[in-house]
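Working notes, structure below.
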Amino acid sequence: MGCCTGRCSLICLCALQLLSALERQIFDFLGFQWAPILGNFLHIIVVILGLFGTIQYRPRYIVVYTVWTALWVTWNVFIICFYLEVGGLSKDTDLMTFNISVHRSWWREHGPGCVRRVLPPSAHGMMDDYTYVSVTGCIVDFQYLEVIHSAVQILLSLVGFVYACYVISIFMEEEDTYSCDLQIFKQLFNRKLQIIE
């Protein structure tokens with residue numbers, strides 16, 4: 001097989017998805033975003049499974065990867081809607097942290113060009129509240145960075161879905177050809193036995 005086959009392309013795409021998911025996982029850990037951390041963890045496991053299935057010629061593993069990519073696209077569309085506040089969702093809720101902390105996206109205070117200034121909390125304010133942190137001068141707002149991350153994940157997943165379907169069809173075709181070749185071999189072997197007898 002040549003290097004530019006669908007199988008080789010899917011291996012490269014899975015590796016790229018793995019790197020992208022690991023990068024996203026790091027920044028979600030920094031922001032204590034527990035829902036995305038859990039989703040990224042599952043995504044990393046399934047991408048490794050898809051990578052293993054592609055390398056080891058295991059179409060069932062690639063089918064699991066294919067089904068997961070559809071779910072992953074759905075999750076990332078939800079994240080885009082969440083950060084763009086579509087359909088009554090609000091990026092200021094604690095939904096991504098499972099309502100156990102007041103942390104927000106790490107990019108909120110550490111985005112490109114952002115200047116973070118800690119203001120003294122008001123007398124009735126809580127120290128855990130993010131109102132005492134002032135962020136100015138951001139080149140790109142944090143919600144757009146999160147949307148870009150999700151859009152990249154969607155793009156990689158859609159391309160991965162197409163390649164995975166292609167690789168599954170190739171593996172099934174090769175399996176059918178192998179099965180057919182095996183039947184022909186058995187028939188020829190049986191004929192030679194009959195001639196010898």
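For the structure tokens, the naming scheme is as follows: chains receive sequential letters (A, B, ...) according to their order of presentation, residues are indexed from 1 within each chain, and ligands are indexed from 1 in presentation order.
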**Message:** Applying 8 Å and only C-alpha atoms, which residues near Ile79 (chain A) remain after dropping the ones on its own chain fewer than 6 positions away? List them as a PyMOL selection string.
**Reply:** chain A and resi 146-147+150
**Request:** Could you tell me, as a PyMOL selection string, which residues of region 35-99 of chain A DSSP assigns to alpha helix (DSSP H) when given the backbone?
**Result:** chain A and resi 35-55+59-83
Go ahead and save the residues from that selection, with C-alpha atoms, as an mmCIF file, in the first residue's frame.
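This is the output file result-v9.cif:
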```cif
data_model
loop_
_atom_site.group_PDB
_atom_site.id
_atom_site.type_symbol
_atom_site.label_atom_id
_atom_site.label_comp_id
_atom_site.auth_asym_id
_atom_site.auth_seq_id
_atom_site.Cartn_x
_atom_site.Cartn_y
_atom_site.Cartn_z
ATOM 1 C CA ALA A 35 -17.517 18.946 31.583
ATOM 2 C CA PRO A 36 -15.078 19.574 28.709
ATOM 3 C CA ILE A 37 -12.336 17.715 30.618
ATOM 4 C CA LEU A 38 -14.547 14.637 30.791
ATOM 5 C CA GLY A 39 -15.537 14.971 27.122
ATOM 6 C CA ASN A 40 -11.925 15.439 26.024
ATOM 7 C CA PHE A 41 -10.862 12.402 28.045
ATOM 8 C CA LEU A 42 -13.451 10.206 26.328
ATOM 9 C CA HIS A 43 -12.490 11.691 22.964
ATOM 10 C CA ILE A 44 -8.816 10.886 23.527
ATOM 11 C CA ILE A 45 -9.671 7.270 24.426
ATOM 12 C CA VAL A 46 -11.865 6.777 21.345
ATOM 13 C CA VAL A 47 -9.343 8.422 19.010
ATOM 14 C CA ILE A 48 -6.666 6.049 20.354
ATOM 15 C CA LEU A 49 -9.102 3.183 19.754
ATOM 16 C CA GLY A 50 -9.689 4.400 16.185
ATOM 17 C CA LEU A 51 -5.956 4.750 15.642
ATOM 18 C CA PHE A 52 -5.396 1.222 16.944
ATOM 19 C CA GLY A 53 -8.224 -0.127 14.768
ATOM 20 C CA THR A 54 -6.761 1.534 11.701
ATOM 21 C CA ILE A 55 -3.234 0.255 12.326
ATOM 22 C CA PRO A 59 -13.053 -2.366 11.390
ATOM 23 C CA ARG A 60 -15.180 -2.699 14.550
ATOM 24 C CA TYR A 61 -12.913 -0.289 16.402
ATOM 25 C CA ILE A 62 -13.142 2.137 13.521
ATOM 26 C CA VAL A 63 -16.950 1.867 13.633
ATOM 27 C CA VAL A 64 -16.822 2.894 17.317
ATOM 28 C CA TYR A 65 -14.610 5.821 16.311
ATOM 29 C CA THR A 66 -17.060 6.761 13.544
ATOM 30 C CA VAL A 67 -20.062 6.769 15.876
ATOM 31 C CA TRP A 68 -18.094 8.785 18.428
ATOM 32 C CA THR A 69 -17.154 11.437 15.856
ATOM 33 C CA ALA A 70 -20.860 12.097 15.283
ATOM 34 C CA LEU A 71 -21.362 12.536 19.038
ATOM 35 C CA TRP A 72 -18.222 14.680 19.252
ATOM 36 C CA VAL A 73 -19.526 17.004 16.538
ATOM 37 C CA THR A 74 -22.781 17.353 18.504
ATOM 38 C CA TRP A 75 -20.884 18.179 21.719
ATOM 39 C CA ASN A 76 -18.772 20.812 19.967
ATOM 40 C CA VAL A 77 -21.832 22.398 18.365
ATOM 41 C CA PHE A 78 -23.264 22.657 21.891
ATOM 42 C CA ILE A 79 -20.057 24.337 23.116
ATOM 43 C CA ILE A 80 -20.231 26.831 20.239
ATOM 44 C CA CYS A 81 -23.859 27.597 21.102
ATOM 45 C CA PHE A 82 -22.916 27.896 24.789
ATOM 46 C CA TYR A 83 -20.145 30.447 24.253
#
```
**Message:** Please return, as an MDAnalysis selection string, all residues of region 17-162 of chain A that DSSP assigns to strand (DSSP E or B) on the basis of the backbone.
**Reply:** chainID A and resid 115:118 133:136
Just the residues within 9 Å of His149 (chain A), please, counting only C-alpha atoms, with nothing from its chain fewer than 5 positions along; format it as a compact mmCIF listing (two decimals) with N, CA and C atoms, in the first residue's frame.
```txt
# COMPACT_ATOMS: atom_id res chain seq x y z
N SER A 20 -4.64 17.78 19.01
CA SER A 20 -5.60 18.87 19.22
C SER A 20 -6.39 18.66 20.51
N ARG A 24 -6.35 20.97 23.94
CA ARG A 24 -7.60 21.48 24.51
C ARG A 24 -7.77 21.00 25.95
N ASN A 76 -19.46 19.57 20.32
CA ASN A 76 -18.77 20.81 19.97
C ASN A 76 -19.73 21.86 19.43
N TYR A 144 -14.65 33.62 21.60
CA TYR A 144 -14.31 33.32 20.20
C TYR A 144 -13.15 32.33 20.12
N ILE A 154 -14.64 20.16 15.21
CA ILE A 154 -15.70 19.74 14.29
C ILE A 154 -15.12 19.42 12.92
```
**Asked** Smallest atom-to-atom distance to Arg117 (chain A): which of A:Ser105, A:Phe142, A:Gly137, A:Ile26, using only C-alpha atoms?
**Response**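 Going through A:Ser105, A:Phe142, A:Gly137, A:Ile26 one by one, the smallest distance to Arg117 (chain A) is for A:Gly137.
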**Request:** Might you pull out every residue within 12 Å of Tyr163 (chain A), with only C-alpha atoms counted and same-chain residues fewer than 2 positions away left off, and present them as a PyMOL selection string?
**Result:** chain A and resi 5-14+50+54+62-63+65-66+69+156-161+165-170
Would you output that residue set with N, CA and C atoms, as a PDB file, in the first residue's frame?
```pdb
ATOM      1  N   THR A   5      -2.751   6.371   1.043  1.00  0.00           N
ATOM      2  CA  THR A   5      -3.991   5.618   1.086  1.00  0.00           C
ATOM      3  C   THR A   5      -4.925   6.223   2.130  1.00  0.00           C
ATOM      4  N   GLY A   6      -6.176   5.787   2.102  1.00  0.00           N
ATOM      5  CA  GLY A   6      -7.133   6.249   3.103  1.00  0.00           C
ATOM      6  C   GLY A   6      -6.724   5.846   4.500  1.00  0.00           C
ATOM      7  N   ARG A   7      -6.129   4.664   4.610  1.00  0.00           N
ATOM      8  CA  ARG A   7      -5.684   4.168   5.918  1.00  0.00           C
ATOM      9  C   ARG A   7      -4.586   5.056   6.484  1.00  0.00           C
ATOM     10  N   CYS A   8      -3.611   5.387   5.672  1.00  0.00           N
ATOM     11  CA  CYS A   8      -2.512   6.252   6.116  1.00  0.00           C
ATOM     12  C   CYS A   8      -3.041   7.649   6.468  1.00  0.00           C
ATOM     13  N   SER A   9      -3.981   8.129   5.676  1.00  0.00           N
ATOM     14  CA  SER A   9      -4.572   9.447   5.938  1.00  0.00           C
ATOM     15  C   SER A   9      -5.341   9.445   7.244  1.00  0.00           C
ATOM     16  N   LEU A  10      -6.065   8.350   7.515  1.00  0.00           N
ATOM     17  CA  LEU A  10      -6.817   8.261   8.768  1.00  0.00           C
ATOM     18  C   LEU A  10      -5.867   8.185   9.962  1.00  0.00           C
ATOM     19  N   ILE A  11      -4.753   7.506   9.813  1.00  0.00           N
ATOM     20  CA  ILE A  11      -3.765   7.442  10.894  1.00  0.00           C
ATOM     21  C   ILE A  11      -3.232   8.846  11.187  1.00  0.00           C
ATOM     22  N   CYS A  12      -2.885   9.586  10.141  1.00  0.00           N
ATOM     23  CA  CYS A  12      -2.382  10.960  10.327  1.00  0.00           C
ATOM     24  C   CYS A  12      -3.458  11.852  10.937  1.00  0.00           C
ATOM     25  N   LEU A  13      -4.696  11.688  10.484  1.00  0.00           N
ATOM     26  CA  LEU A  13      -5.796  12.492  11.006  1.00  0.00           C
ATOM     27  C   LEU A  13      -6.068  12.180  12.475  1.00  0.00           C
ATOM     28  N   CYS A  14      -6.008  10.907  12.842  1.00  0.00           N
ATOM     29  CA  CYS A  14      -6.198  10.532  14.252  1.00  0.00           C
ATOM     30  C   CYS A  14      -5.085  11.121  15.114  1.00  0.00           C
ATOM     31  N   GLY A  50      -9.607   4.301  17.646  1.00  0.00           N
ATOM     32  CA  GLY A  50      -9.689   4.400  16.185  1.00  0.00           C
ATOM     33  C   GLY A  50      -8.324   4.268  15.534  1.00  0.00           C
ATOM     34  N   THR A  54      -7.277   1.270  13.041  1.00  0.00           N
ATOM     35  CA  THR A  54      -6.761   1.534  11.701  1.00  0.00           C
ATOM     36  C   THR A  54      -5.425   0.832  11.479  1.00  0.00           C
ATOM     37  N   ILE A  62     -12.957   0.935  14.340  1.00  0.00           N
ATOM     38  CA  ILE A  62     -13.142   2.137  13.521  1.00  0.00           C
ATOM     39  C   ILE A  62     -14.619   2.533  13.489  1.00  0.00           C
ATOM     40  N   VAL A  63     -15.511   1.553  13.559  1.00  0.00           N
ATOM     41  CA  VAL A  63     -16.950   1.867  13.633  1.00  0.00           C
ATOM     42  C   VAL A  63     -17.251   2.611  14.932  1.00  0.00           C
ATOM     43  N   TYR A  65     -15.161   4.486  16.553  1.00  0.00           N
ATOM     44  CA  TYR A  65     -14.610   5.821  16.311  1.00  0.00           C
ATOM     45  C   TYR A  65     -15.565   6.661  15.452  1.00  0.00           C
ATOM     46  N   THR A  66     -16.150   6.051  14.442  1.00  0.00           N
ATOM     47  CA  THR A  66     -17.060   6.761  13.544  1.00  0.00           C
ATOM     48  C   THR A  66     -18.305   7.239  14.280  1.00  0.00           C
ATOM     49  N   THR A  69     -17.376  10.148  16.519  1.00  0.00           N
ATOM     50  CA  THR A  69     -17.154  11.437  15.856  1.00  0.00           C
ATOM     51  C   THR A  69     -18.476  12.178  15.661  1.00  0.00           C
ATOM     52  N   LEU A 156     -12.006  18.524  12.119  1.00  0.00           N
ATOM     53  CA  LEU A 156     -11.233  17.286  12.187  1.00  0.00           C
ATOM     54  C   LEU A 156     -12.145  16.061  12.301  1.00  0.00           C
ATOM     55  N   SER A 157     -13.217  16.182  13.057  1.00  0.00           N
ATOM     56  CA  SER A 157     -14.135  15.055  13.235  1.00  0.00           C
ATOM     57  C   SER A 157     -14.893  14.730  11.955  1.00  0.00           C
ATOM     58  N   LEU A 158     -15.318  15.754  11.231  1.00  0.00           N
ATOM     59  CA  LEU A 158     -16.039  15.495   9.981  1.00  0.00           C
ATOM     60  C   LEU A 158     -15.140  14.837   8.943  1.00  0.00           C
ATOM     61  N   VAL A 159     -13.924  15.328   8.829  1.00  0.00           N
ATOM     62  CA  VAL A 159     -12.969  14.699   7.902  1.00  0.00           C
ATOM     63  C   VAL A 159     -12.644  13.288   8.378  1.00  0.00           C
ATOM     64  N   GLY A 160     -12.481  13.114   9.686  1.00  0.00           N
ATOM     65  CA  GLY A 160     -12.225  11.788  10.243  1.00  0.00           C
ATOM     66  C   GLY A 160     -13.379  10.836   9.994  1.00  0.00           C
ATOM     67  N   PHE A 161     -14.602  11.325  10.081  1.00  0.00           N
ATOM     68  CA  PHE A 161     -15.784  10.501   9.814  1.00  0.00           C
ATOM     69  C   PHE A 161     -15.762   9.988   8.380  1.00  0.00           C
ATOM     70  N   CYS A 165     -15.238   6.049   7.338  1.00  0.00           N
ATOM     71  CA  CYS A 165     -16.211   5.307   6.513  1.00  0.00           C
ATOM     72  C   CYS A 165     -15.522   4.690   5.303  1.00  0.00           C
ATOM     73  N   TYR A 166     -14.616   5.440   4.692  1.00  0.00           N
ATOM     74  CA  TYR A 166     -13.877   4.939   3.532  1.00  0.00           C
ATOM     75  C   TYR A 166     -12.995   3.753   3.922  1.00  0.00           C
ATOM     76  N   VAL A 167     -12.280   3.866   5.029  1.00  0.00           N
ATOM     77  CA  VAL A 167     -11.385   2.794   5.474  1.00  0.00           C
ATOM     78  C   VAL A 167     -12.191   1.556   5.853  1.00  0.00           C
ATOM     79  N   ILE A 168     -13.337   1.734   6.490  1.00  0.00           N
ATOM     80  CA  ILE A 168     -14.194   0.593   6.836  1.00  0.00           C
ATOM     81  C   ILE A 168     -14.634  -0.125   5.564  1.00  0.00           C
ATOM     82  N   SER A 169     -15.028   0.635   4.546  1.00  0.00           N
ATOM     83  CA  SER A 169     -15.465  -0.002   3.295  1.00  0.00           C
ATOM     84  C   SER A 169     -14.307  -0.739   2.630  1.00  0.00           C
ATOM     85  N   ILE A 170     -13.101  -0.172   2.684  1.00  0.00           N
ATOM     86  CA  ILE A 170     -11.927  -0.841   2.112  1.00  0.00           C
ATOM     87  C   ILE A 170     -11.635  -2.132   2.879  1.00  0.00           C
TER      88      ILE A 170
END
```
**Item:** Atom-to-atom span, CA of Met172 (chain A) and CA of Gln56 (chain A), Å
**Value:**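 CA of Met172 (chain A) sits 13.8 Å away from CA of Gln56 (chain A).
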**Message:** Just checking: using only C-alpha atoms, which residue out of A:Gly88, A:Cys138, A:Ala15, A:Leu145 ends up closest to Phe27 (chain A)?
**Reply:** A:Leu145
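One distance worth recording is that between CA of Leu89 (chain A) and CA of Trp34 (chain A), which is 17.5 Å.
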Please list as a PDB file with C-alpha atoms, in the first residue's frame every residue within 10 Å of region 114-116 of chain A, counting only C-alpha atoms and excluding residues in the same chain fewer than 3 positions away.
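As written to disk, part.pdb reads:
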```pdb
ATOM      1  CA  TRP A 107      -8.790  32.100  27.997  1.00  0.00           C
ATOM      2  CA  ARG A 108     -11.035  34.618  29.777  1.00  0.00           C
ATOM      3  CA  GLU A 109      -8.065  36.096  31.637  1.00  0.00           C
ATOM      4  CA  HIS A 110      -5.111  34.774  29.640  1.00  0.00           C
ATOM      5  CA  GLY A 111      -6.085  35.318  26.006  1.00  0.00           C
ATOM      6  CA  LEU A 119      -8.942  44.942  41.693  1.00  0.00           C
ATOM      7  CA  VAL A 133     -10.428  40.684  38.115  1.00  0.00           C
ATOM      8  CA  SER A 134     -10.310  43.222  35.328  1.00  0.00           C
ATOM      9  CA  VAL A 135      -9.224  42.044  31.869  1.00  0.00           C
ATOM     10  CA  THR A 136      -8.587  44.558  29.114  1.00  0.00           C
ATOM     11  CA  GLY A 137      -6.877  44.783  25.744  1.00  0.00           C
ATOM     12  CA  CYS A 138      -7.668  41.276  24.484  1.00  0.00           C
ATOM     13  CA  ILE A 139      -7.032  40.836  20.777  1.00  0.00           C
ATOM     14  CA  VAL A 140      -9.666  38.078  20.603  1.00  0.00           C
ATOM     15  CA  ASP A 141     -12.371  37.616  23.235  1.00  0.00           C
ATOM     16  CA  PHE A 142     -12.272  34.302  25.109  1.00  0.00           C
TER      17      PHE A 142
END
```
